Amino acid sequence: MNQLLAGKKFLIMGVANDRSIAWAIAKQLHEAGATLAFSYQGDRLESRVLKLVESTMPGSTMVQVDVTREEEIASAFALLKEQWGTMDGLVHSLAFAKSEELEGHFSDTSREGYLLAQDISAYSLVAVSRFAKTLMVEGGSIITMTYLGGERVLANYNVMGVAKAALDQSVRYLAADLGEQNIRVNAISAGPINTLAARGVRNFSTILGVVAEKAPLKRNITQEEVAKTALFLASDLSSGITGEVIHVDAGYHIMA
Ligand code: NAD
């Protein structure tokens with residue numbers, strides 16, 4: 001097996017279960033030799049994520065981070081500083097919008113719902129990058145997950161599309177800002193995958209069908225395909241790439 005990430009230390013944010021994109025990425029990075037820490041959202045997920053991690057990567061650092069809580073972000077990075085001293089990157093694979101905002105008229109989006117989606121799904125990347133940069137003393141790679149709904153209007157994606165647009169632009173501003181520290185910041189725009197978060201989007205199975213029919217590769221993509229691209233972005237193989245949004249969507253985004 002390749003050891004592209006031997007000796008490298010990455011924080012994985014956003015594992016909820018074994019279908020999570022973050023979990024597929026964790027497995028790829030682990031197989032490539034990386035040491036991993038996992039952040040999970042709240043007590044509710046702790047035992048499930050712990051069980052998953054212990055079955056494959058026993059001894060990994062686990063830390064609770066709800067990204068709306070600045071103090072939880074701060075204590076997570078304080079723990080990593082204590083345990084690791086330095087780190088080489090992080091995977092930000094999380095988002096949230098209230099289900100009622102993911103259907104109906106976009107013009108009916110509430111102020112609260114709009115701000116919540118922005119806070120969790122876009123601002124959190126800026127917040128965690130601010131802490132991570134102090135530990136990424138030898139540069140490294142920050143990776144986030146985005147979706148085509150941030151570039152184009154897609155049915156029912158509504159407020160999350162606006163949050164993904166902000167996330168995509170945050171990737172570019174962070175890349176410009178952190179480049180002098182040799183910290184690269186990129187996003188993967190994944191095609192639709194049946195995960196917990198995806199089930200919050202109305203008619204999600206219809207979207208899967210449309211993509212499989214229209215995409216150049218005539219199929220949907222898997223978590224593993226996203227994860228292989230994340231491994232590329234995490235490793236030195238992508239050393240010249242920053243501020244980029246790479247589509248792993250069977251080519252769907254090129255079609256009219
Ligand atoms: P998932 O439900 O497995 O993961 C979403 C994660 O977000 C969960 O682990 C959840 O705990 C976390 N989260 C939500 N609110 C949080 C908060 N306040 N603090 C900390 N964590 C919080 O679903 P997924 O599909 O693996 O989603 C991961 C990322 O991939 C998301 O950014 C999503 O928008 C993106 N994405 C998903 C698809 C898809 O079709 N599944 C497509 C493109 C992009």
# chains A, B, ... in the order shown; residues from 1 in each chain; ligands from 1
>>> select_by_dssp(residues="range 73-126 of chain A", states="alpha helix (DSSP H)", output="list in words")
Ile73, Ala74, Ser75, Ala76, Phe77, Ala78, Leu79, Leu80, Lys81, Glu82, Gln83, Trp84, Arg111, Glu112, Gly113, Tyr114, Leu115, Leu116, Ala117, Gln118, Ser124, Leu125 and Val126 of chain A
>>> residues_near_ligand(ligand="ligand 1", cutoff="6 Å", atoms="only C-alpha atoms and all ligand atoms", output="VMD selection string")
chain A and resid 14 to 16 19 to 22 41 65 to 68 93 to 96 120 145 to 147 189 to 198
>>> closest_residue(among="A:Asp108, A:Asp249, A:Asp88, A:Glu244", to="Ala6 in chain A", atoms="only C-alpha atoms")
A:Asp88
>>> residues_around(residues="Lys81 in chain A", least_positions_apart="4", cutoff="12 Å", atoms="only C-alpha atoms", output="number ranges by chain")
A: 9, 11, 37, 61, 74-77, 85-88, 131-137
>>> write_last_selection(atoms="all heavy atoms", output="tab-separated table (two decimals), in the first residue's frame")
chain	number	residue	atom	x	y	z
A	9	LYS	N	-0.19	14.24	10.19
A	9	LYS	CA	-1.28	14.23	11.17
A	9	LYS	C	-2.45	15.10	10.69
A	9	LYS	O	-2.26	16.29	10.40
A	9	LYS	CB	-0.76	14.75	12.52
A	9	LYS	CG	0.28	13.81	13.13
A	9	LYS	CD	0.95	14.39	14.35
A	9	LYS	CE	1.87	15.49	14.06
A	9	LYS	NZ	3.24	15.48	14.26
A	11	LEU	N	-6.74	16.14	11.15
A	11	LEU	CA	-8.01	16.12	11.88
A	11	LEU	C	-9.14	15.86	10.88
A	11	LEU	O	-9.22	16.54	9.85
A	11	LEU	CB	-8.23	17.47	12.58
A	11	LEU	CG	-9.61	17.69	13.21
A	11	LEU	CD1	-9.90	16.69	14.33
A	11	LEU	CD2	-9.74	19.13	13.72
A	37	ALA	N	-7.03	12.30	13.97
A	37	ALA	CA	-7.90	12.64	15.10
A	37	ALA	C	-9.28	12.88	14.51
A	37	ALA	O	-9.40	13.28	13.34
A	37	ALA	CB	-7.40	13.89	15.81
A	61	THR	N	-7.25	9.95	18.41
A	61	THR	CA	-7.77	10.99	19.29
A	61	THR	C	-9.21	11.33	18.90
A	61	THR	O	-9.52	11.46	17.71
A	61	THR	CB	-6.90	12.26	19.16
A	61	THR	OG1	-5.58	11.91	19.54
A	61	THR	CG2	-7.41	13.39	20.05
A	74	ALA	N	-11.85	25.74	20.06
A	74	ALA	CA	-10.60	26.14	20.74
A	74	ALA	C	-10.04	24.99	21.57
A	74	ALA	O	-8.83	24.69	21.50
A	74	ALA	CB	-10.86	27.35	21.63
A	75	SER	N	-10.91	24.29	22.32
A	75	SER	CA	-10.35	23.23	23.16
A	75	SER	C	-9.90	22.03	22.34
A	75	SER	O	-8.95	21.34	22.71
A	75	SER	CB	-11.27	22.85	24.32
A	75	SER	OG	-12.52	22.51	23.84
A	76	ALA	N	-10.54	21.79	21.19
A	76	ALA	CA	-10.09	20.69	20.33
A	76	ALA	C	-8.66	20.95	19.83
A	76	ALA	O	-7.80	20.06	19.87
A	76	ALA	CB	-11.03	20.54	19.14
A	77	PHE	N	-8.41	22.17	19.38
A	77	PHE	CA	-7.06	22.47	18.86
A	77	PHE	C	-6.03	22.57	19.99
A	77	PHE	O	-4.86	22.24	19.79
A	77	PHE	CB	-7.08	23.72	17.97
A	77	PHE	CG	-7.63	23.42	16.60
A	77	PHE	CD1	-8.98	23.61	16.31
A	77	PHE	CD2	-6.82	22.88	15.61
A	77	PHE	CE1	-9.50	23.28	15.06
A	77	PHE	CE2	-7.32	22.55	14.36
A	77	PHE	CZ	-8.68	22.75	14.08
A	85	GLY	N	1.61	18.60	18.94
A	85	GLY	CA	2.53	19.72	18.74
A	85	GLY	C	2.23	20.45	17.45
A	85	GLY	O	1.91	21.63	17.44
A	86	THR	N	2.31	19.72	16.34
A	86	THR	CA	2.03	20.31	15.03
A	86	THR	C	1.04	19.40	14.28
A	86	THR	O	0.80	18.27	14.70
A	86	THR	CB	3.31	20.42	14.17
A	86	THR	OG1	3.80	19.09	13.94
A	86	THR	CG2	4.37	21.26	14.87
A	87	MET	N	0.49	19.91	13.19
A	87	MET	CA	-0.37	19.06	12.36
A	87	MET	C	-0.18	19.42	10.88
A	87	MET	O	0.43	20.45	10.56
A	87	MET	CB	-1.84	19.17	12.78
A	87	MET	CG	-2.46	20.52	12.57
A	87	MET	SD	-4.10	20.68	13.35
A	87	MET	CE	-5.10	19.65	12.29
A	88	ASP	N	-0.70	18.55	10.01
A	88	ASP	CA	-0.46	18.72	8.57
A	88	ASP	C	-1.73	19.02	7.78
A	88	ASP	O	-1.65	19.21	6.56
A	88	ASP	CB	0.21	17.45	8.02
A	88	ASP	CG	1.51	17.19	8.76
A	88	ASP	OD1	2.49	17.89	8.48
A	88	ASP	OD2	1.52	16.31	9.66
A	131	PHE	N	-7.55	28.27	13.67
A	131	PHE	CA	-6.85	27.51	14.70
A	131	PHE	C	-5.80	26.59	14.07
A	131	PHE	O	-4.68	26.48	14.56
A	131	PHE	CB	-7.84	26.68	15.52
A	131	PHE	CG	-8.64	27.51	16.48
A	131	PHE	CD1	-9.88	28.01	16.13
A	131	PHE	CD2	-8.13	27.81	17.74
A	131	PHE	CE1	-10.61	28.79	17.02
A	131	PHE	CE2	-8.86	28.59	18.64
A	131	PHE	CZ	-10.10	29.08	18.27
A	132	ALA	N	-6.17	25.94	12.98
A	132	ALA	CA	-5.27	24.95	12.37
A	132	ALA	C	-3.97	25.59	11.89
A	132	ALA	O	-2.89	25.00	12.01
A	132	ALA	CB	-5.98	24.26	11.20
A	133	LYS	N	-4.05	26.82	11.38
A	133	LYS	CA	-2.85	27.44	10.78
A	133	LYS	C	-1.73	27.60	11.81
A	133	LYS	O	-0.55	27.56	11.47
A	133	LYS	CB	-3.17	28.78	10.12
A	133	LYS	CG	-3.49	29.91	11.08
A	133	LYS	CD	-3.72	31.23	10.36
A	133	LYS	CE	-4.00	32.34	11.35
A	133	LYS	NZ	-4.34	33.61	10.74
A	134	THR	N	-2.10	27.73	13.08
A	134	THR	CA	-1.07	27.92	14.11
A	134	THR	C	-0.31	26.62	14.37
A	134	THR	O	0.81	26.64	14.86
A	134	THR	CB	-1.66	28.45	15.44
A	134	THR	OG1	-2.54	27.45	15.97
A	134	THR	CG2	-2.41	29.74	15.24
A	135	LEU	N	-0.95	25.47	14.06
A	135	LEU	CA	-0.30	24.17	14.25
A	135	LEU	C	0.33	23.64	12.96
A	135	LEU	O	1.14	22.73	12.99
A	135	LEU	CB	-1.30	23.15	14.77
A	135	LEU	CG	-1.98	23.43	16.12
A	135	LEU	CD1	-2.81	22.25	16.58
A	135	LEU	CD2	-0.94	23.77	17.17
A	136	MET	N	-0.07	24.23	11.82
A	136	MET	CA	0.45	23.74	10.53
A	136	MET	C	1.73	24.49	10.19
A	136	MET	O	1.82	25.19	9.18
A	136	MET	CB	-0.63	23.89	9.45
A	136	MET	CG	-1.83	22.98	9.71
A	136	MET	SD	-3.23	23.24	8.59
A	136	MET	CE	-2.56	22.68	7.04
A	137	VAL	N	2.74	24.30	11.02
A	137	VAL	CA	3.95	25.11	10.91
A	137	VAL	C	4.81	24.73	9.69
A	137	VAL	O	5.64	25.52	9.25
A	137	VAL	CB	4.80	25.02	12.21
A	137	VAL	CG1	4.09	25.70	13.35
A	137	VAL	CG2	5.12	23.58	12.56
>>> closest_residue(among="A:Val248, A:Val126, A:Leu90, A:Ala175", to="Ala227 in chain A", atoms="only C-alpha atoms")
A:Val248
>>> residues_around(residues="Arg202 in chain A", least_positions_apart="4", cutoff="7 Å", atoms="only C-alpha atoms", output="list in words")
Leu102, Glu103 and Asn156 of chain A
>>> write_last_selection(atoms="all heavy atoms", output="PDB file, in the first residue's frame")
ATOM      1  N   LEU A 102     -35.030  23.375   3.112  1.00  0.00           N
ATOM      2  CA  LEU A 102     -34.572  22.635   1.931  1.00  0.00           C
ATOM      3  C   LEU A 102     -35.750  22.179   1.063  1.00  0.00           C
ATOM      4  O   LEU A 102     -35.712  21.123   0.437  1.00  0.00           O
ATOM      5  CB  LEU A 102     -33.717  21.432   2.364  1.00  0.00           C
ATOM      6  CG  LEU A 102     -32.396  21.809   3.053  1.00  0.00           C
ATOM      7  CD1 LEU A 102     -31.681  20.571   3.570  1.00  0.00           C
ATOM      8  CD2 LEU A 102     -31.486  22.581   2.102  1.00  0.00           C
ATOM      9  N   GLU A 103     -36.782  22.968   1.053  1.00  0.00           N
ATOM     10  CA  GLU A 103     -37.925  22.748   0.166  1.00  0.00           C
ATOM     11  C   GLU A 103     -38.709  24.047   0.073  1.00  0.00           C
ATOM     12  O   GLU A 103     -38.466  24.980   0.844  1.00  0.00           O
ATOM     13  CB  GLU A 103     -38.813  21.622   0.686  1.00  0.00           C
ATOM     14  CG  GLU A 103     -39.352  21.860   2.062  1.00  0.00           C
ATOM     15  CD  GLU A 103     -40.205  20.695   2.553  1.00  0.00           C
ATOM     16  OE1 GLU A 103     -41.088  20.243   1.801  1.00  0.00           O
ATOM     17  OE2 GLU A 103     -39.997  20.249   3.678  1.00  0.00           O
ATOM     18  N   ASN A 156     -34.691  22.506  -4.537  1.00  0.00           N
ATOM     19  CA  ASN A 156     -34.714  22.179  -3.102  1.00  0.00           C
ATOM     20  C   ASN A 156     -33.394  22.389  -2.354  1.00  0.00           C
ATOM     21  O   ASN A 156     -33.337  22.149  -1.156  1.00  0.00           O
ATOM     22  CB  ASN A 156     -35.179  20.727  -2.857  1.00  0.00           C
ATOM     23  CG  ASN A 156     -36.586  20.507  -3.344  1.00  0.00           C
ATOM     24  OD1 ASN A 156     -37.418  21.403  -3.219  1.00  0.00           O
ATOM     25  ND2 ASN A 156     -36.849  19.358  -3.925  1.00  0.00           N
TER      26      ASN A 156
END
>>> select_by_dssp(residues="range 34-198 of chain A", states="strand (DSSP E or B)", output="number ranges by chain")
A: 35-40, 61-64, 89-92, 140-146, 183-190
>>> closest_residue(among="A:Val210, A:Ala163, A:Ala234, A:Ala215", to="Gly139 in chain A", atoms="only C-alpha atoms")
A:Ala234
>>> closest_residue(among="A:Ile12, A:Ile246, A:Leu233, A:Leu52", to="Leu148 in chain A", atoms="only C-alpha atoms")
A:Ile246
